[in-house]
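Below is data-v7.pdb, which holds PDB, C-alpha atoms.
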ATOM      1  CA  MET J 243      25.260  36.373  16.365  1.00  0.00           C
ATOM      2  CA  THR J 244      27.033  38.456  13.738  1.00  0.00           C
ATOM      3  CA  THR J 245      26.322  41.873  12.339  1.00  0.00           C
ATOM      4  CA  ALA J 246      25.933  42.622   8.647  1.00  0.00           C
ATOM      5  CA  THR J 247      29.628  43.477   8.350  1.00  0.00           C
ATOM      6  CA  ASP J 248      31.097  40.823  10.655  1.00  0.00           C
ATOM      7  CA  THR J 249      32.464  37.606   9.251  1.00  0.00           C
ATOM      8  CA  ILE J 250      33.877  34.674  11.138  1.00  0.00           C
ATOM      9  CA  THR J 251      36.183  31.854  10.168  1.00  0.00           C
ATOM     10  CA  ALA J 252      35.642  28.113  10.429  1.00  0.00           C
ATOM     11  CA  GLU J 253      38.094  28.031  13.337  1.00  0.00           C
ATOM     12  CA  GLN J 254      36.191  30.764  15.193  1.00  0.00           C
ATOM     13  CA  LEU J 255      32.949  28.876  14.640  1.00  0.00           C
ATOM     14  CA  LEU J 256      34.498  25.704  16.041  1.00  0.00           C
ATOM     15  CA  ASP J 257      35.534  27.593  19.194  1.00  0.00           C
ATOM     16  CA  MET J 258      32.077  29.107  19.749  1.00  0.00           C
ATOM     17  CA  ALA J 259      29.804  27.469  22.305  1.00  0.00           C
ATOM     18  CA  ILE J 260      26.707  27.136  20.121  1.00  0.00           C
ATOM     19  CA  ASP J 261      24.164  24.544  21.191  1.00  0.00           C
ATOM     20  CA  GLU J 262      21.927  24.912  18.145  1.00  0.00           C
ATOM     21  CA  PRO J 263      22.395  23.682  14.581  1.00  0.00           C
ATOM     22  CA  CYS J 264      24.050  26.253  12.337  1.00  0.00           C
ATOM     23  CA  GLU J 265      26.092  26.633   9.170  1.00  0.00           C
ATOM     24  CA  LEU J 266      28.636  29.201   8.073  1.00  0.00           C
ATOM     25  CA  ILE J 267      28.105  30.599   4.573  1.00  0.00           C
ATOM     26  CA  ALA J 268      30.664  33.033   3.205  1.00  0.00           C
ATOM     27  CA  GLY J 269      31.673  33.951   6.746  1.00  0.00           C
ATOM     28  CA  LYS J 270      28.104  34.574   7.953  1.00  0.00           C
ATOM     29  CA  LEU J 271      26.496  32.440  10.638  1.00  0.00           C
ATOM     30  CA  TYR J 272      23.062  31.000   9.861  1.00  0.00           C
ATOM     31  CA  MET J 273      21.043  29.326  12.589  1.00  0.00           C
ATOM     32  CA  MET J 274      18.879  26.384  11.573  1.00  0.00           C
ATOM     33  CA  THR J 275      15.643  25.131  13.036  1.00  0.00           C
ATOM     34  CA  PRO J 276      15.982  21.680  14.629  1.00  0.00           C
ATOM     35  CA  ALA J 277      14.595  18.946  12.407  1.00  0.00           C
ATOM     36  CA  GLY J 278      11.115  17.544  12.918  1.00  0.00           C
ATOM     37  CA  HIS J 279      10.648  13.923  13.968  1.00  0.00           C
ATOM     38  CA  TRP J 280       9.835  12.584  10.455  1.00  0.00           C
ATOM     39  CA  HIS J 281      12.914  14.336   9.033  1.00  0.00           C
ATOM     40  CA  GLY J 282      15.023  12.764  11.796  1.00  0.00           C
ATOM     41  CA  GLN J 283      13.592   9.307  11.178  1.00  0.00           C
ATOM     42  CA  VAL J 284      14.279   9.501   7.430  1.00  0.00           C
ATOM     43  CA  GLU J 285      17.775  10.872   8.129  1.00  0.00           C
ATOM     44  CA  ILE J 286      18.663   7.956  10.404  1.00  0.00           C
ATOM     45  CA  ASN J 287      17.110   5.421   8.004  1.00  0.00           C
ATOM     46  CA  ILE J 288      19.290   6.491   5.084  1.00  0.00           C
ATOM     47  CA  GLY J 289      22.271   7.047   7.373  1.00  0.00           C
ATOM     48  CA  LEU J 290      22.065   3.496   8.736  1.00  0.00           C
ATOM     49  CA  LEU J 291      21.714   2.021   5.242  1.00  0.00           C
ATOM     50  CA  ILE J 292      24.809   3.903   4.042  1.00  0.00           C
ATOM     51  CA  ALA J 293      26.853   3.377   7.227  1.00  0.00           C
ATOM     52  CA  SER J 294      26.255  -0.354   7.358  1.00  0.00           C
ATOM     53  CA  HIS J 295      27.270  -0.724   3.693  1.00  0.00           C
ATOM     54  CA  VAL J 296      30.382   1.435   4.158  1.00  0.00           C
ATOM     55  CA  LYS J 297      31.460  -0.394   7.319  1.00  0.00           C
ATOM     56  CA  ARG J 298      30.854  -3.875   5.887  1.00  0.00           C
ATOM     57  CA  ARG J 299      32.938  -3.087   2.789  1.00  0.00           C
ATOM     58  CA  LYS J 300      35.513  -0.866   4.562  1.00  0.00           C
ATOM     59  CA  LEU J 301      34.950   1.923   2.026  1.00  0.00           C
ATOM     60  CA  GLY J 302      35.622   4.917   4.279  1.00  0.00           C
ATOM     61  CA  ALA J 303      33.627   6.870   6.854  1.00  0.00           C
ATOM     62  CA  THR J 304      29.988   7.861   7.219  1.00  0.00           C
ATOM     63  CA  TYR J 305      29.174  11.101   9.041  1.00  0.00           C
ATOM     64  CA  GLY J 306      26.023  12.282  10.797  1.00  0.00           C
ATOM     65  CA  GLY J 307      24.224  15.578  10.435  1.00  0.00           C
ATOM     66  CA  ASP J 308      26.196  17.617  12.937  1.00  0.00           C
ATOM     67  CA  THR J 309      29.495  17.185  11.072  1.00  0.00           C
ATOM     68  CA  GLY J 310      30.910  20.332   9.503  1.00  0.00           C
ATOM     69  CA  PHE J 311      32.713  20.318   6.151  1.00  0.00           C
ATOM     70  CA  VAL J 312      34.818  23.358   5.200  1.00  0.00           C
ATOM     71  CA  ILE J 313      34.050  23.800   1.517  1.00  0.00           C
ATOM     72  CA  ALA J 314      35.375  27.331   0.967  1.00  0.00           C
ATOM     73  CA  ARG J 315      37.926  29.681   2.518  1.00  0.00           C
ATOM     74  CA  ASP J 316      38.260  33.443   2.758  1.00  0.00           C
ATOM     75  CA  PRO J 317      35.402  33.883   3.453  1.00  0.00           C
ATOM     76  CA  ASP J 318      34.793  30.481   5.011  1.00  0.00           C
ATOM     77  CA  THR J 319      31.828  28.229   4.334  1.00  0.00           C
ATOM     78  CA  VAL J 320      31.085  25.289   6.623  1.00  0.00           C
ATOM     79  CA  LEU J 321      28.107  23.138   5.687  1.00  0.00           C
ATOM     80  CA  ALA J 322      26.681  20.138   7.529  1.00  0.00           C
ATOM     81  CA  PRO J 323      24.793  17.640   5.375  1.00  0.00           C
ATOM     82  CA  ASP J 324      22.314  15.301   7.044  1.00  0.00           C
ATOM     83  CA  VAL J 325      24.505  12.321   6.094  1.00  0.00           C
ATOM     84  CA  ALA J 326      27.887  12.241   4.368  1.00  0.00           C
ATOM     85  CA  PHE J 327      30.331   9.651   3.067  1.00  0.00           C
ATOM     86  CA  VAL J 328      34.082  10.055   2.484  1.00  0.00           C
ATOM     87  CA  ARG J 329      36.281   7.412   0.828  1.00  0.00           C
ATOM     88  CA  THR J 330      39.125   5.932   2.898  1.00  0.00           C
ATOM     89  CA  GLU J 331      41.886   7.523   0.820  1.00  0.00           C
ATOM     90  CA  ARG J 332      40.482  10.997   1.529  1.00  0.00           C
ATOM     91  CA  LEU J 333      40.188  10.660   5.303  1.00  0.00           C
ATOM     92  CA  PRO J 334      42.355  13.171   7.187  1.00  0.00           C
ATOM     93  CA  ASP J 335      45.029  12.026   9.627  1.00  0.00           C
ATOM     94  CA  THR J 336      43.724  14.330  12.334  1.00  0.00           C
ATOM     95  CA  THR J 337      40.586  13.907  14.410  1.00  0.00           C
ATOM     96  CA  GLU J 338      40.397  17.634  15.211  1.00  0.00           C
ATOM     97  CA  GLY J 339      38.292  20.329  13.568  1.00  0.00           C
ATOM     98  CA  TYR J 340      35.921  20.242  10.655  1.00  0.00           C
ATOM     99  CA  PHE J 341      36.482  18.007   7.660  1.00  0.00           C
ATOM    100  CA  PRO J 342      38.732  19.849   5.172  1.00  0.00           C
ATOM    101  CA  GLY J 343      36.774  19.792   1.925  1.00  0.00           C
ATOM    102  CA  ALA J 344      33.573  18.309   0.588  1.00  0.00           C
ATOM    103  CA  PRO J 345      32.460  14.737   1.193  1.00  0.00           C
ATOM    104  CA  ASP J 346      32.252  12.344  -1.736  1.00  0.00           C
ATOM    105  CA  LEU J 347      28.512  11.995  -1.073  1.00  0.00           C
ATOM    106  CA  ALA J 348      26.292  14.540   0.681  1.00  0.00           C
ATOM    107  CA  VAL J 349      22.723  13.643   1.620  1.00  0.00           C
ATOM    108  CA  GLU J 350      20.317  16.508   2.270  1.00  0.00           C
ATOM    109  CA  VAL J 351      16.939  15.680   3.824  1.00  0.00           C
ATOM    110  CA  VAL J 352      14.501  18.462   2.979  1.00  0.00           C
ATOM    111  CA  SER J 353      12.332  19.844   5.778  1.00  0.00           C
ATOM    112  CA  PRO J 354       8.823  21.221   5.065  1.00  0.00           C
ATOM    113  CA  GLY J 355      10.026  24.815   5.568  1.00  0.00           C
ATOM    114  CA  ASP J 356      13.062  24.533   3.262  1.00  0.00           C
ATOM    115  CA  ARG J 357      12.786  26.742   0.199  1.00  0.00           C
ATOM    116  CA  ALA J 358      13.489  25.238  -3.222  1.00  0.00           C
ATOM    117  CA  LYS J 359      16.109  27.914  -4.002  1.00  0.00           C
ATOM    118  CA  ALA J 360      17.974  27.243  -0.745  1.00  0.00           C
ATOM    119  CA  VAL J 361      18.049  23.506  -1.524  1.00  0.00           C
ATOM    120  CA  SER J 362      19.303  24.066  -5.085  1.00  0.00           C
ATOM    121  CA  ASP J 363      21.899  26.576  -3.817  1.00  0.00           C
ATOM    122  CA  LYS J 364      23.180  23.977  -1.361  1.00  0.00           C
ATOM    123  CA  VAL J 365      23.373  21.287  -4.066  1.00  0.00           C
ATOM    124  CA  ARG J 366      25.331  23.703  -6.259  1.00  0.00           C
ATOM    125  CA  ALA J 367      27.671  24.611  -3.363  1.00  0.00           C
ATOM    126  CA  TRP J 368      28.401  20.937  -2.689  1.00  0.00           C
ATOM    127  CA  GLN J 369      29.087  20.247  -6.367  1.00  0.00           C
ATOM    128  CA  GLU J 370      31.299  23.315  -6.796  1.00  0.00           C
ATOM    129  CA  ALA J 371      33.289  22.207  -3.736  1.00  0.00           C
ATOM    130  CA  GLY J 372      34.007  18.832  -5.356  1.00  0.00           C
ATOM    131  CA  CYS J 373      31.245  16.612  -3.979  1.00  0.00           C
ATOM    132  CA  LEU J 374      30.796  13.727  -6.432  1.00  0.00           C
ATOM    133  CA  ALA J 375      27.133  13.094  -5.638  1.00  0.00           C
ATOM    134  CA  VAL J 376      24.353  14.838  -3.738  1.00  0.00           C
ATOM    135  CA  TRP J 377      21.156  13.033  -2.812  1.00  0.00           C
ATOM    136  CA  VAL J 378      18.210  15.296  -2.014  1.00  0.00           C
ATOM    137  CA  VAL J 379      15.682  13.346   0.032  1.00  0.00           C
ATOM    138  CA  ARG J 380      12.140  14.722   0.178  1.00  0.00           C
ATOM    139  CA  PRO J 381      10.243  12.896   2.951  1.00  0.00           C
ATOM    140  CA  ASP J 382       6.888  14.543   2.208  1.00  0.00           C
ATOM    141  CA  ALA J 383       7.043  13.585  -1.486  1.00  0.00           C
ATOM    142  CA  ARG J 384       8.831  10.299  -0.698  1.00  0.00           C
ATOM    143  CA  THR J 385      11.380  10.920  -3.454  1.00  0.00           C
ATOM    144  CA  ILE J 386      15.151  11.090  -3.745  1.00  0.00           C
ATOM    145  CA  THR J 387      16.795  13.247  -6.402  1.00  0.00           C
ATOM    146  CA  VAL J 388      20.296  12.126  -7.347  1.00  0.00           C
ATOM    147  CA  HIS J 389      22.714  14.823  -8.519  1.00  0.00           C
ATOM    148  CA  ARG J 390      25.974  13.648 -10.079  1.00  0.00           C
ATOM    149  CA  GLY J 391      28.493  15.875 -11.831  1.00  0.00           C
ATOM    150  CA  GLY J 392      27.922  16.114 -15.557  1.00  0.00           C
ATOM    151  CA  ALA J 393      24.583  14.286 -15.476  1.00  0.00           C
ATOM    152  CA  GLU J 394      21.005  15.513 -15.344  1.00  0.00           C
ATOM    153  CA  PRO J 395      19.418  15.127 -11.894  1.00  0.00           C
ATOM    154  CA  ARG J 396      17.365  11.950 -11.601  1.00  0.00           C
ATOM    155  CA  THR J 397      14.350  11.760  -9.291  1.00  0.00           C
ATOM    156  CA  LEU J 398      13.448   8.361  -7.863  1.00  0.00           C
ATOM    157  CA  GLY J 399      10.116   7.334  -6.346  1.00  0.00           C
ATOM    158  CA  GLU J 400       9.226   4.638  -3.836  1.00  0.00           C
ATOM    159  CA  THR J 401       9.128   1.861  -6.433  1.00  0.00           C
ATOM    160  CA  ASP J 402      12.657   2.683  -7.657  1.00  0.00           C
ATOM    161  CA  THR J 403      16.059   1.490  -6.482  1.00  0.00           C
ATOM    162  CA  LEU J 404      18.735   3.901  -5.260  1.00  0.00           C
ATOM    163  CA  ASP J 405      22.286   2.904  -6.105  1.00  0.00           C
ATOM    164  CA  GLY J 406      25.612   4.403  -5.118  1.00  0.00           C
ATOM    165  CA  GLY J 407      27.165   4.240  -8.580  1.00  0.00           C
ATOM    166  CA  ASP J 408      30.915   4.760  -8.615  1.00  0.00           C
ATOM    167  CA  VAL J 409      30.702   7.082  -5.579  1.00  0.00           C
ATOM    168  CA  LEU J 410      29.459   4.392  -3.188  1.00  0.00           C
ATOM    169  CA  PRO J 411      30.296   1.113  -4.972  1.00  0.00           C
ATOM    170  CA  GLY J 412      27.899  -1.770  -4.456  1.00  0.00           C
ATOM    171  CA  PHE J 413      25.330   0.268  -2.518  1.00  0.00           C
ATOM    172  CA  SER J 414      21.723  -0.380  -3.442  1.00  0.00           C
ATOM    173  CA  CYS J 415      18.433  -0.057  -1.597  1.00  0.00           C
ATOM    174  CA  GLY J 416      14.797   0.374  -2.377  1.00  0.00           C
ATOM    175  CA  VAL J 417      13.750   4.018  -2.086  1.00  0.00           C
ATOM    176  CA  ALA J 418      10.795   2.819   0.023  1.00  0.00           C
ATOM    177  CA  GLU J 419      13.291   1.581   2.683  1.00  0.00           C
ATOM    178  CA  VAL J 420      14.400   5.164   3.296  1.00  0.00           C
ATOM    179  CA  PHE J 421      10.814   6.135   4.167  1.00  0.00           C
ATOM    180  CA  GLU J 422       9.902   3.126   6.331  1.00  0.00           C
ATOM    181  CA  ARG J 423       8.188   3.830   9.622  1.00  0.00           C
ATOM    182  CA  PRO J 424       8.331   1.556  12.652  1.00  0.00           C
TER     183      PRO J 424
END

Written form, structure tokens:
Amino acid sequence: MTTATDTITAEQLLDMAIDEPCELIAGKLYMMTPAGHWHGQVEINIGLLIASHVKRRKLGATYGGDTGFVIARDPDTVLAPDVAFVRTERLPDTTEGYFPGAPDLAVEVVSPGDRAKAVSDKVRAWQEAGCLAVWVVRPDARTITVHRGGAEPRTLGETDTLDGGDVLPGFSCGVAEVFERP
């Protein structure tokens, strides 16, 4: 799509007719492999748990995996977490374009081919952009690692309970619920 010296902006990316998942990192376009079926099932499980809690309590908005968040400018970075939450007071007035800034919560579901460094780089990028919490969901290991600013990451297993803390007040679910199969 781009050459080694070309960079594009978030606005140019939005205007491109790209039918495949991609992200923009420091002005460079990176294509992503579509998620496998287990990844997609886990993504919708955690997304539904979060969305139903957010809607019931009128806390803000929950976003699906194709939503772009502009977390850096000049050069632009647009990332798309698998699930995101933004508090009501931070919601933009416009319905156009990518979300301006980081979500309050970003959920990243790790695919089998994702490299550990790429996952940690993404967590760091979200945190540096102002994301209050990042949940890294590992379907194969059936764990969720919770990253919150100023605290050590905490990895939860299937017998543990995931809570939203002050980022997603009142949210709580068993980690096993995220990995339930029909």

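Using all atoms listed in the file, the smallest distance between any of J:Asp405, J:Glu419, J:Glu262, J:Asp335 and J:Val388 comes from J:Asp405.
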
Query raised in the report: Could you write out as a ChimeraX atom specification the residues that the PyMOL selection byres ((chain J and resi 354-370) around 12) matches in the shown file?
Result: /J:265,267-268,274-281,311-314,319-323,326,343-353,371-383,387-393,395

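Closest approach to J:Ala418 from the set J:Ile288, J:Cys264, J:Leu301, J:Leu333 is made by J:Ile288, with distances taken over only C-alpha atoms.
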
For this structure, which residues satisfy the selection - the PyMOL selection byres ((chain J and resi 398) around 8) - when it is evaluated on the file as given? I want them as a compact mmCIF listing (two decimals) with C-alpha atoms, keeping the file's coordinate frame.
# COMPACT_ATOMS: atom_id res chain seq x y z
CA THR J 385 11.38 10.92 -3.45
CA ILE J 386 15.15 11.09 -3.74
CA THR J 387 16.80 13.25 -6.40
CA VAL J 388 20.30 12.13 -7.35
CA ARG J 396 17.36 11.95 -11.60
CA THR J 397 14.35 11.76 -9.29
CA GLY J 399 10.12 7.33 -6.35
CA GLU J 400 9.23 4.64 -3.84
CA THR J 401 9.13 1.86 -6.43
CA ASP J 402 12.66 2.68 -7.66
CA THR J 403 16.06 1.49 -6.48
CA LEU J 404 18.74 3.90 -5.26
CA VAL J 417 13.75 4.02 -2.09

Query raised in the report: So which one's closest to J:Arg329, J:Cys415, J:Ala252, J:Leu410, J:Val420? Using all atoms listed in the file, please.
Result: J:Leu410

Query raised in the report: Any idea what the distance is between atom CA of J:Gly306 and atom CA of J:Ile286?
Result: 8.5 Å

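Minimum distance to J:Pro317 across J:Lys270, J:Pro424, J:Gly412, J:Asp257 (counting all atoms listed in the file) occurs at J:Lys270.
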